$ cat model.tsv   # TSV, C-alpha atoms and all ligand atoms
chain	number	residue	atom	x	y	z
A	158	MET	CA	88.30	139.16	112.63
A	159	PRO	CA	84.76	137.70	113.14
A	160	GLN	CA	82.92	136.17	110.19
A	161	PRO	CA	81.00	138.79	108.18
A	162	SER	CA	77.30	139.17	108.93
A	163	ILE	CA	75.05	138.65	105.92
A	164	VAL	CA	71.57	140.12	105.89
A	165	ILE	CA	69.38	139.31	102.92
A	166	LEU	CA	66.44	141.65	102.39
A	167	ASP	CA	63.59	141.30	99.93
A	168	THR	CA	64.10	144.49	97.94
A	169	PRO	CA	66.66	147.23	97.23
A	170	GLU	CA	64.41	149.61	99.16
A	171	ALA	CA	64.72	147.40	102.23
A	172	VAL	CA	68.50	147.39	101.81
A	173	HIS	CA	68.56	151.18	101.70
A	174	VAL	CA	66.39	151.52	104.81
A	175	ARG	CA	68.50	149.01	106.73
A	176	ALA	CA	71.67	150.79	105.63
A	177	ALA	CA	70.33	154.12	106.84
A	178	GLU	CA	69.36	152.50	110.14
A	179	GLU	CA	72.85	151.05	110.55
A	180	ILE	CA	74.51	154.36	109.68
A	181	ALA	CA	72.33	156.21	112.19
A	182	HIS	CA	73.15	153.61	114.83
A	183	TRP	CA	76.93	153.78	114.35
A	184	ALA	CA	76.80	157.56	114.14
A	185	GLY	CA	75.11	157.77	117.53
A	186	ASP	CA	77.53	155.22	118.96
A	187	ALA	CA	80.62	157.12	117.70
A	188	ILE	CA	79.37	160.57	118.69
A	189	CYS	CA	78.51	159.33	122.19
A	190	THR	CA	81.84	157.51	122.49
A	191	HIS	CA	84.29	160.06	121.08
A	192	GLY	CA	82.38	163.13	120.00
A	193	GLU	CA	82.41	162.69	116.25
A	194	PHE	CA	81.51	160.22	113.49
A	195	THR	CA	84.02	159.65	110.70
A	196	LEU	CA	82.14	158.24	107.73
A	197	CYS	CA	83.74	157.01	104.49
A	198	LEU	CA	81.13	157.09	101.74
A	199	ALA	CA	80.73	154.64	98.89
A	200	GLY	CA	80.32	155.89	95.37
A	201	GLY	CA	78.48	154.47	92.40
A	202	SER	CA	74.69	154.35	92.26
A	203	THR	CA	73.61	151.82	94.89
A	204	PRO	CA	74.04	154.01	97.98
A	205	ALA	CA	72.22	157.07	96.57
A	206	PRO	CA	68.74	156.15	97.90
A	207	ALA	CA	70.24	155.39	101.32
A	208	TYR	CA	71.87	158.85	101.36
A	209	GLU	CA	68.50	160.38	100.42
A	210	LEU	CA	66.88	158.55	103.34
A	211	LEU	CA	69.54	159.94	105.70
A	212	ALA	CA	68.66	163.44	104.54
A	213	THR	CA	64.93	162.90	104.91
A	214	ARG	CA	63.44	160.14	107.06
A	215	PHE	CA	66.61	159.85	109.21
A	216	ARG	CA	67.45	163.57	109.22
A	217	LEU	CA	66.82	163.94	112.94
A	218	SER	CA	68.48	160.63	113.86
A	219	ILE	CA	72.02	161.98	113.59
A	220	ASP	CA	73.70	165.13	114.96
A	221	TRP	CA	75.09	166.07	111.54
A	222	ARG	CA	77.39	168.77	112.96
A	223	ASP	CA	79.55	165.95	114.39
A	224	VAL	CA	79.96	163.98	111.15
A	225	GLN	CA	83.13	164.09	109.03
A	226	PHE	CA	82.52	162.96	105.45
A	227	PHE	CA	85.15	161.21	103.34
A	228	TRP	CA	85.02	159.07	100.18
A	229	GLY	CA	86.37	155.61	99.47
A	230	ASP	CA	87.13	156.61	95.92
A	231	GLU	CA	86.52	159.22	93.26
A	232	ARG	CA	86.58	159.30	89.52
A	233	CYS	CA	89.11	161.74	88.01
A	234	VAL	CA	86.45	164.26	87.10
A	235	GLY	CA	85.41	167.62	88.50
A	236	PRO	CA	83.05	168.03	91.47
A	237	ASP	CA	80.17	169.07	89.20
A	238	ASP	CA	80.57	166.16	86.81
A	239	PRO	CA	77.59	163.74	86.92
A	240	ALA	CA	80.12	160.89	87.27
A	241	SER	CA	81.58	162.38	90.46
A	242	ASN	CA	80.97	160.39	93.65
A	243	PHE	CA	81.18	163.67	95.55
A	244	ALA	CA	78.49	165.19	93.30
A	245	MET	CA	76.19	162.25	94.02
A	246	ALA	CA	76.62	162.64	97.79
A	247	ARG	CA	76.22	166.41	97.58
A	248	ARG	CA	72.97	166.07	95.61
A	249	THR	CA	71.44	163.33	97.78
A	250	MET	CA	72.65	164.28	101.26
A	251	LEU	CA	75.22	167.03	101.81
A	252	GLU	CA	73.23	169.89	100.27
A	253	PRO	CA	69.83	168.82	101.67
A	254	LEU	CA	71.42	168.58	105.13
A	255	ALA	CA	73.33	171.87	104.69
A	256	ILE	CA	76.56	170.17	105.79
A	257	ARG	CA	79.30	172.73	106.51
A	258	PRO	CA	82.24	172.67	104.03
A	259	ALA	CA	84.68	172.05	106.90
A	260	GLN	CA	83.06	168.63	107.41
A	261	ILE	CA	83.43	167.61	103.77
A	262	HIS	CA	86.76	166.03	102.77
A	263	ARG	CA	86.32	165.24	99.11
A	264	ILE	CA	88.91	163.79	96.77
A	265	HIS	CA	89.85	166.46	94.21
A	266	GLY	CA	89.25	164.43	91.09
A	267	GLU	CA	89.79	167.47	88.93
A	268	GLU	CA	93.47	167.65	89.86
A	269	ARG	CA	96.38	165.63	88.46
A	270	PRO	CA	95.66	162.10	89.81
A	271	ASP	CA	98.89	161.55	91.70
A	272	ALA	CA	98.67	165.00	93.25
A	273	ALA	CA	95.02	164.42	94.17
A	274	ALA	CA	95.90	161.12	95.86
A	275	GLU	CA	98.73	162.75	97.81
A	276	ALA	CA	96.48	165.66	98.82
A	277	TYR	CA	93.75	163.26	99.98
A	278	GLU	CA	96.28	161.28	101.98
A	279	GLY	CA	97.39	164.54	103.57
A	280	GLU	CA	93.80	165.41	104.43
A	281	LEU	CA	93.33	162.01	106.06
A	282	ARG	CA	96.52	162.52	108.09
A	283	ARG	CA	95.43	166.02	109.10
A	284	VAL	CA	91.86	165.23	110.11
A	285	PHE	CA	92.76	162.01	111.94
A	286	SER	CA	95.89	163.63	113.47
A	287	LEU	CA	97.99	160.70	112.30
A	288	GLU	CA	101.63	160.14	113.15
A	289	PRO	CA	103.84	158.92	110.26
A	290	GLY	CA	102.95	155.32	109.46
A	291	GLU	CA	99.55	155.45	111.17
A	292	VAL	CA	96.35	154.51	109.34
A	293	PRO	CA	93.01	156.33	109.84
A	294	ALA	CA	90.39	154.29	111.67
A	295	PHE	CA	87.00	155.24	110.22
A	296	ASP	CA	84.04	154.72	112.46
A	297	LEU	CA	82.16	153.43	109.44
A	298	MET	CA	83.27	152.46	105.93
A	299	LEU	CA	80.58	152.10	103.29
A	300	LEU	CA	81.39	150.05	100.20
A	301	GLY	CA	79.60	148.95	97.07
A	302	LEU	CA	80.57	145.96	94.97
A	303	GLY	CA	81.29	145.95	91.28
A	304	GLN	CA	80.24	143.10	89.00
A	305	ASN	CA	83.92	142.14	88.94
A	306	ALA	CA	83.94	142.17	92.78
A	307	HIS	CA	85.85	145.44	93.00
A	308	ILE	CA	85.42	147.68	96.01
A	309	ALA	CA	86.18	151.39	96.06
A	310	SER	CA	88.45	151.55	92.98
A	311	LEU	CA	90.41	148.43	93.89
A	312	PHE	CA	89.95	146.37	90.75
A	313	PRO	CA	91.08	142.83	89.91
A	314	SER	CA	94.82	142.44	89.28
A	315	SER	CA	95.52	145.97	90.50
A	316	ALA	CA	98.83	146.57	92.27
A	317	ALA	CA	96.83	148.78	94.66
A	318	LEU	CA	95.40	145.57	96.16
A	319	ARG	CA	98.85	144.91	97.62
A	320	GLU	CA	99.52	148.44	98.85
A	321	GLU	CA	100.54	148.43	102.50
A	322	ARG	CA	101.93	151.92	103.07
A	323	ARG	CA	99.97	154.57	101.16
A	324	LEU	CA	96.50	155.61	102.28
A	325	ALA	CA	95.31	156.70	98.82
A	326	LEU	CA	96.48	155.97	95.30
A	327	ALA	CA	95.79	157.10	91.73
A	328	VAL	CA	94.83	154.08	89.63
A	329	GLU	CA	93.86	153.21	86.06
A	330	VAL	CA	91.05	150.67	85.99
A	331	ASP	CA	89.21	148.60	83.42
A	332	ASP	CA	86.14	150.80	83.33
A	333	ARG	CA	84.62	153.54	81.19
A	334	LEU	CA	85.79	155.94	83.91
A	335	ALA	CA	89.30	154.58	83.94
A	336	ARG	CA	91.24	157.13	85.98
A	337	ARG	CA	90.41	157.18	89.67
A	338	ILE	CA	91.67	157.85	93.18
A	339	THR	CA	91.08	155.13	95.73
A	340	ILE	CA	91.70	154.43	99.36
A	341	THR	CA	93.91	151.43	99.96
A	342	PRO	CA	93.35	148.09	101.76
A	343	PRO	CA	95.02	149.23	105.01
A	344	VAL	CA	92.45	152.02	105.34
A	345	ILE	CA	89.53	149.69	104.65
A	346	ASN	CA	90.83	147.14	107.16
A	347	ARG	CA	91.39	149.69	109.90
A	348	ALA	CA	87.68	150.63	109.97
A	349	ALA	CA	85.63	149.88	113.08
A	350	HIS	CA	82.64	148.88	110.97
A	351	VAL	CA	82.29	148.07	107.26
A	352	ILE	CA	78.95	147.88	105.50
A	353	LEU	CA	78.64	146.65	101.92
A	354	MET	CA	75.39	147.49	100.14
A	355	VAL	CA	74.80	145.23	97.13
A	356	CYS	CA	71.67	145.03	95.01
A	357	GLY	CA	70.62	143.39	91.77
A	358	GLU	CA	71.00	140.16	89.84
A	359	GLY	CA	74.05	141.56	88.09
A	360	LYS	CA	76.03	141.34	91.34
A	361	ALA	CA	74.99	137.76	92.24
A	362	ARG	CA	78.07	136.12	90.74
A	363	ALA	CA	80.42	138.58	92.42
A	364	VAL	CA	78.69	138.11	95.77
A	365	HIS	CA	79.02	134.34	95.44
A	366	ASP	CA	82.68	134.59	94.45
A	367	VAL	CA	83.48	136.84	97.42
A	368	LEU	CA	81.57	134.95	100.08
A	369	GLU	CA	81.59	131.35	98.85
A	370	GLY	CA	84.31	131.13	96.22
A	371	PRO	CA	87.96	130.18	96.66
A	372	ARG	CA	90.16	132.82	98.23
A	373	GLU	CA	91.68	134.74	95.32
A	374	PRO	CA	91.71	138.44	96.31
A	375	ASP	CA	93.68	139.39	93.23
A	376	ARG	CA	90.76	138.17	91.11
A	377	VAL	CA	88.06	138.90	93.72
A	378	PRO	CA	89.16	142.19	95.34
A	379	ALA	CA	86.33	142.38	97.90
A	380	GLN	CA	87.94	139.39	99.61
A	381	ILE	CA	90.59	141.76	100.97
A	382	VAL	CA	87.94	143.22	103.32
A	383	ALA	CA	88.98	141.81	106.69
A	384	PRO	CA	89.16	144.58	109.29
A	385	SER	CA	91.63	143.61	111.99
A	386	GLU	CA	89.45	144.91	114.81
A	387	GLY	CA	86.22	145.70	112.99
A	388	ASP	CA	83.11	143.95	111.80
A	389	VAL	CA	81.66	143.51	108.32
A	390	LEU	CA	77.99	143.60	107.42
A	391	TRP	CA	76.73	142.61	103.97
A	392	LEU	CA	73.34	144.09	103.12
A	393	LEU	CA	72.06	142.18	100.09
A	394	ASP	CA	68.78	142.21	98.30
A	395	ARG	CA	67.41	138.84	97.25
A	396	ALA	CA	68.61	139.28	93.67
A	397	ALA	CA	72.20	139.98	94.67
A	398	ALA	CA	72.09	137.04	97.11
A	399	SER	CA	70.58	134.63	94.57
A	400	GLY	CA	73.93	133.01	93.85
A	401	LEU	CA	74.57	132.09	97.47
A	402	ARG	CA	74.00	128.57	98.75
A	403	SER	CA	72.49	130.08	101.91
A	404	SER	CA	70.35	132.64	100.12
A	405	THR	CA	67.03	131.00	100.92
A	406	ALA	CA	66.87	132.33	104.51
A	407	PRO	CA	63.64	134.36	104.75
A	408	GLY	CA	64.10	137.99	105.75
A	409	GLY	CA	67.74	137.79	106.44
A	410	SER	CA	70.41	135.37	107.48
A	411	ASP	CA	73.42	136.10	109.60
A	412	GLY	CA	76.52	134.51	108.20
A	501	LIG	C1	82.65	153.80	92.12
A	501	LIG	C2	82.42	153.07	93.42
A	501	LIG	C3	82.46	151.61	93.15
A	501	LIG	C4	81.03	151.14	93.28
A	501	LIG	C5	80.81	149.84	92.58
A	501	LIG	C6	79.32	149.51	92.54
A	501	LIG	O1	83.27	154.86	92.15
A	501	LIG	O2	82.14	153.29	91.11
A	501	LIG	O3	83.05	153.46	94.47
A	501	LIG	O4	83.29	150.88	93.97
A	501	LIG	O5	80.71	151.01	94.66
A	501	LIG	O6	81.30	149.98	91.26
A	501	LIG	O7	78.69	150.52	91.79
A	501	LIG	P1	77.09	150.58	91.67
A	501	LIG	O8	76.57	150.82	93.05
A	501	LIG	O9	76.82	151.72	90.73
A	501	LIG	O10	76.65	149.24	91.11
$ encode --input "model.tsv" --output "structure tokens" --more "lines below"
Ligand code: 6PG
Amino acid sequence: MPQPSIVILDTPEAVHVRAAEEIAHWAGDAICTHGEFTLCLAGGSTPAPAYELLATRFRLSIDWRDVQFFWGDERCVGPDDPASNFAMARRTMLEPLAIRPAQIHRIHGEERPDAAAEAYEGELRRVFSLEPGEVPAFDLMLLGLGQNAHIASLFPSSAALREERRLALAVEVDDRLARRITITPPVINRAAHVILMVCGEGKARAVHDVLEGPREPDRVPAQIVAPSEGDVLWLLDRAAASGLRSSTAPGGSDG
């Protein structure tokens, strides 16, 4: 796997615009290459403005009928709960773009967690037409980064970090929203392209630990991101990059 690319932008707004540009680019590439774009969305708050840009300024940049939407994780709440990652994507992008329900493959956080994880795994197998033992290869995987360097809902010391067979798991994490469903490392590392969007001073320590700290994925989960045949792009604002030795590069630095 090539070294991750690191682009440092002056503001969160610049990160969101660059993320939307990258998503539009990879969507066009995938749709031209194999007729559809499988996109795994990040949750949390960081990506929301990028999703809004996709539904507005970039609305005409993507043939939305050819996009299949999935999620990297979901909180164990209903689809109308403000904490739902699906609800955030629906509000910012799916509803404004009038995406057809058949293109939306949400994690059913309202169901019993283990059952929801099994159902989501089944949906992945169905949509990607997987044989037993195969792992879905997303065209693009979007991830955020927690202050403890978690990605999706893969938190420090979680057994899910060592999962090699399942595609999705129910987990209990050290967070106010403790019960979640998450994709597993094999799914992340099968993606063709991974983009991490990270903004704010509060993430600077985690960014440093992931990119410049000792390799300790059990303590620094984002270090598991190493797609076997894919590439990784970090989109950081200056605040999130402030803990990096190489964070002084003006306008962006490729790692
Ligand atoms: C979630 C996300 C999670 C998120 C990070 C960063 O469900 O919370 O999937 O992995 O990306 O916690 O969250 P913010 O973008 O809100 O800082």
$ residues_near_point --input "model.tsv" --point "(92.7, 164.4, 94.9)" --cutoff "12 Å" --atoms "all atoms listed in the file" --output "JSON, numbers by chain"
{"A": [227, 228, 229, 230, 231, 232, 233, 234, 235, 236, 243, 262, 263, 264, 265, 266, 267, 268, 269, 270, 271, 272, 273, 274, 275, 276, 277, 278, 279, 280, 281, 325, 326, 327, 328, 336, 337, 338, 339, 340]}
$ closest_residue --input "model.tsv" --among "A:Val292, A:Val164, A:Ala176, A:Val377" --to "Arg322 in chain A" --atoms "only C-alpha atoms"
A:Val292
$ residues_near_ligand --input "model.tsv" --ligand "ligand LIG 501 (chain A)" --cutoff "6 Å" --atoms "all atoms listed in the file" --output "list of chain:residue names"
A:Ala199, A:Gly200, A:Gly201, A:Ser202, A:Thr203, A:Asp230, A:Glu231, A:Leu300, A:Gly301, A:Leu302, A:Gly303, A:Ile308, A:Ala309, A:Ser310
$ residues_near_point --input "model.tsv" --point "(90.9, 147.0, 93.5)" --cutoff "7 Å" --atoms "only C-alpha atoms" --output "PDB file with C-alpha atoms, in the frame of the given file"
ATOM      1  CA  HIS A 307      85.850 145.440  93.000  1.00  0.00           C
ATOM      2  CA  ILE A 308      85.420 147.680  96.010  1.00  0.00           C
ATOM      3  CA  ALA A 309      86.180 151.390  96.060  1.00  0.00           C
ATOM      4  CA  SER A 310      88.450 151.550  92.980  1.00  0.00           C
ATOM      5  CA  LEU A 311      90.410 148.430  93.890  1.00  0.00           C
ATOM      6  CA  PHE A 312      89.950 146.370  90.750  1.00  0.00           C
ATOM      7  CA  PRO A 313      91.080 142.830  89.910  1.00  0.00           C
ATOM      8  CA  SER A 315      95.520 145.970  90.500  1.00  0.00           C
ATOM      9  CA  ALA A 317      96.830 148.780  94.660  1.00  0.00           C
ATOM     10  CA  LEU A 318      95.400 145.570  96.160  1.00  0.00           C
ATOM     11  CA  PRO A 378      89.160 142.190  95.340  1.00  0.00           C
TER      12      PRO A 378
END
$ residues_around --input "model.tsv" --residues "Ala177 in chain A" --least-positions-apart "3" --cutoff "9 Å" --atoms "all atoms listed in the file" --output "PyMOL selection string"
chain A and resi 172-174+180-182+207-208+210-211+215
$ residues_around --input "model.tsv" --residues "range 392-397 of chain A" --least-positions-apart "4" --cutoff "12 Å" --atoms "only C-alpha atoms" --output "PyMOL selection string"
chain A and resi 161-179+203-204+207+299-304+351-366+368+401+403-412
$ atom_distance --input "model.tsv" --atom1 "CA of Asp186 in chain A" --atom2 "CA of Phe295 in chain A"
12.9 Å
$ atom_distance --input "model.tsv" --atom1 "CA of Arg216 in chain A" --atom2 "CA of Ala349 in chain A"
23.1 Å
$ atom_distance --input "model.tsv" --atom1 "CA of Asn346 in chain A" --atom2 "CA of Ser385 in chain A"
6.0 Å
$ residues_around --input "model.tsv" --residues "Arg247 in chain A" --least-positions-apart "6" --cutoff "10 Å" --atoms "only C-alpha atoms" --output "list in words"
Tyr208, Pro236, Asp237, Ser241, Pro253, Leu254, Ala255, Ile256 and Ile261 of chain A
$ closest_residue --input "model.tsv" --among "A:Asp220, A:Asp388, A:Asp375, A:Asp332" --to "Ile188 in chain A" --atoms "all atoms listed in the file"
A:Asp220
$ closest_residue --input "model.tsv" --among "A:Val344, A:Leu297, A:Ala316, A:Ala306" --to "Arg376 in chain A" --atoms "all atoms listed in the file"
A:Ala306
$ decode --input "model.tsv" --residues "range 336-347 of chain A" --atoms "N, CA and C atoms" --output "PDB file, in the first residue's frame"
ATOM      1  N   ARG A 336     -23.819   2.113  22.228  1.00  0.00           N
ATOM      2  CA  ARG A 336     -24.119   0.916  21.423  1.00  0.00           C
ATOM      3  C   ARG A 336     -24.171   1.306  19.953  1.00  0.00           C
ATOM      4  N   ARG A 337     -23.381   0.592  19.170  1.00  0.00           N
ATOM      5  CA  ARG A 337     -23.250   0.948  17.747  1.00  0.00           C
ATOM      6  C   ARG A 337     -23.097  -0.303  16.881  1.00  0.00           C
ATOM      7  N   ILE A 338     -23.257  -0.076  15.579  1.00  0.00           N
ATOM      8  CA  ILE A 338     -22.931  -1.091  14.567  1.00  0.00           C
ATOM      9  C   ILE A 338     -21.804  -0.499  13.736  1.00  0.00           C
ATOM     10  N   THR A 339     -20.805  -1.301  13.461  1.00  0.00           N
ATOM     11  CA  THR A 339     -19.672  -0.776  12.687  1.00  0.00           C
ATOM     12  C   THR A 339     -19.241  -1.761  11.604  1.00  0.00           C
ATOM     13  N   ILE A 340     -18.711  -1.199  10.529  1.00  0.00           N
ATOM     14  CA  ILE A 340     -18.023  -2.069   9.575  1.00  0.00           C
ATOM     15  C   ILE A 340     -16.693  -2.471  10.226  1.00  0.00           C
ATOM     16  N   THR A 341     -16.090  -3.485   9.652  1.00  0.00           N
ATOM     17  CA  THR A 341     -14.871  -4.040  10.249  1.00  0.00           C
ATOM     18  C   THR A 341     -13.629  -3.672   9.420  1.00  0.00           C
ATOM     19  N   PRO A 342     -12.438  -3.887   9.984  1.00  0.00           N
ATOM     20  CA  PRO A 342     -11.214  -3.537   9.240  1.00  0.00           C
ATOM     21  C   PRO A 342     -11.110  -4.166   7.850  1.00  0.00           C
ATOM     22  N   PRO A 343     -11.507  -5.429   7.659  1.00  0.00           N
ATOM     23  CA  PRO A 343     -11.390  -5.963   6.276  1.00  0.00           C
ATOM     24  C   PRO A 343     -12.166  -5.138   5.255  1.00  0.00           C
ATOM     25  N   VAL A 344     -13.314  -4.600   5.652  1.00  0.00           N
ATOM     26  CA  VAL A 344     -14.115  -3.808   4.701  1.00  0.00           C
ATOM     27  C   VAL A 344     -13.410  -2.488   4.402  1.00  0.00           C
ATOM     28  N   ILE A 345     -12.906  -1.860   5.447  1.00  0.00           N
ATOM     29  CA  ILE A 345     -12.178  -0.597   5.243  1.00  0.00           C
ATOM     30  C   ILE A 345     -10.988  -0.815   4.305  1.00  0.00           C
ATOM     31  N   ASN A 346     -10.255  -1.903   4.548  1.00  0.00           N
ATOM     32  CA  ASN A 346      -9.002  -2.119   3.801  1.00  0.00           C
ATOM     33  C   ASN A 346      -9.185  -2.797   2.461  1.00  0.00           C
ATOM     34  N   ARG A 347     -10.436  -2.984   2.075  1.00  0.00           N
ATOM     35  CA  ARG A 347     -10.724  -3.501   0.725  1.00  0.00           C
ATOM     36  C   ARG A 347     -11.142  -2.356  -0.203  1.00  0.00           C
TER      37      ARG A 347
END
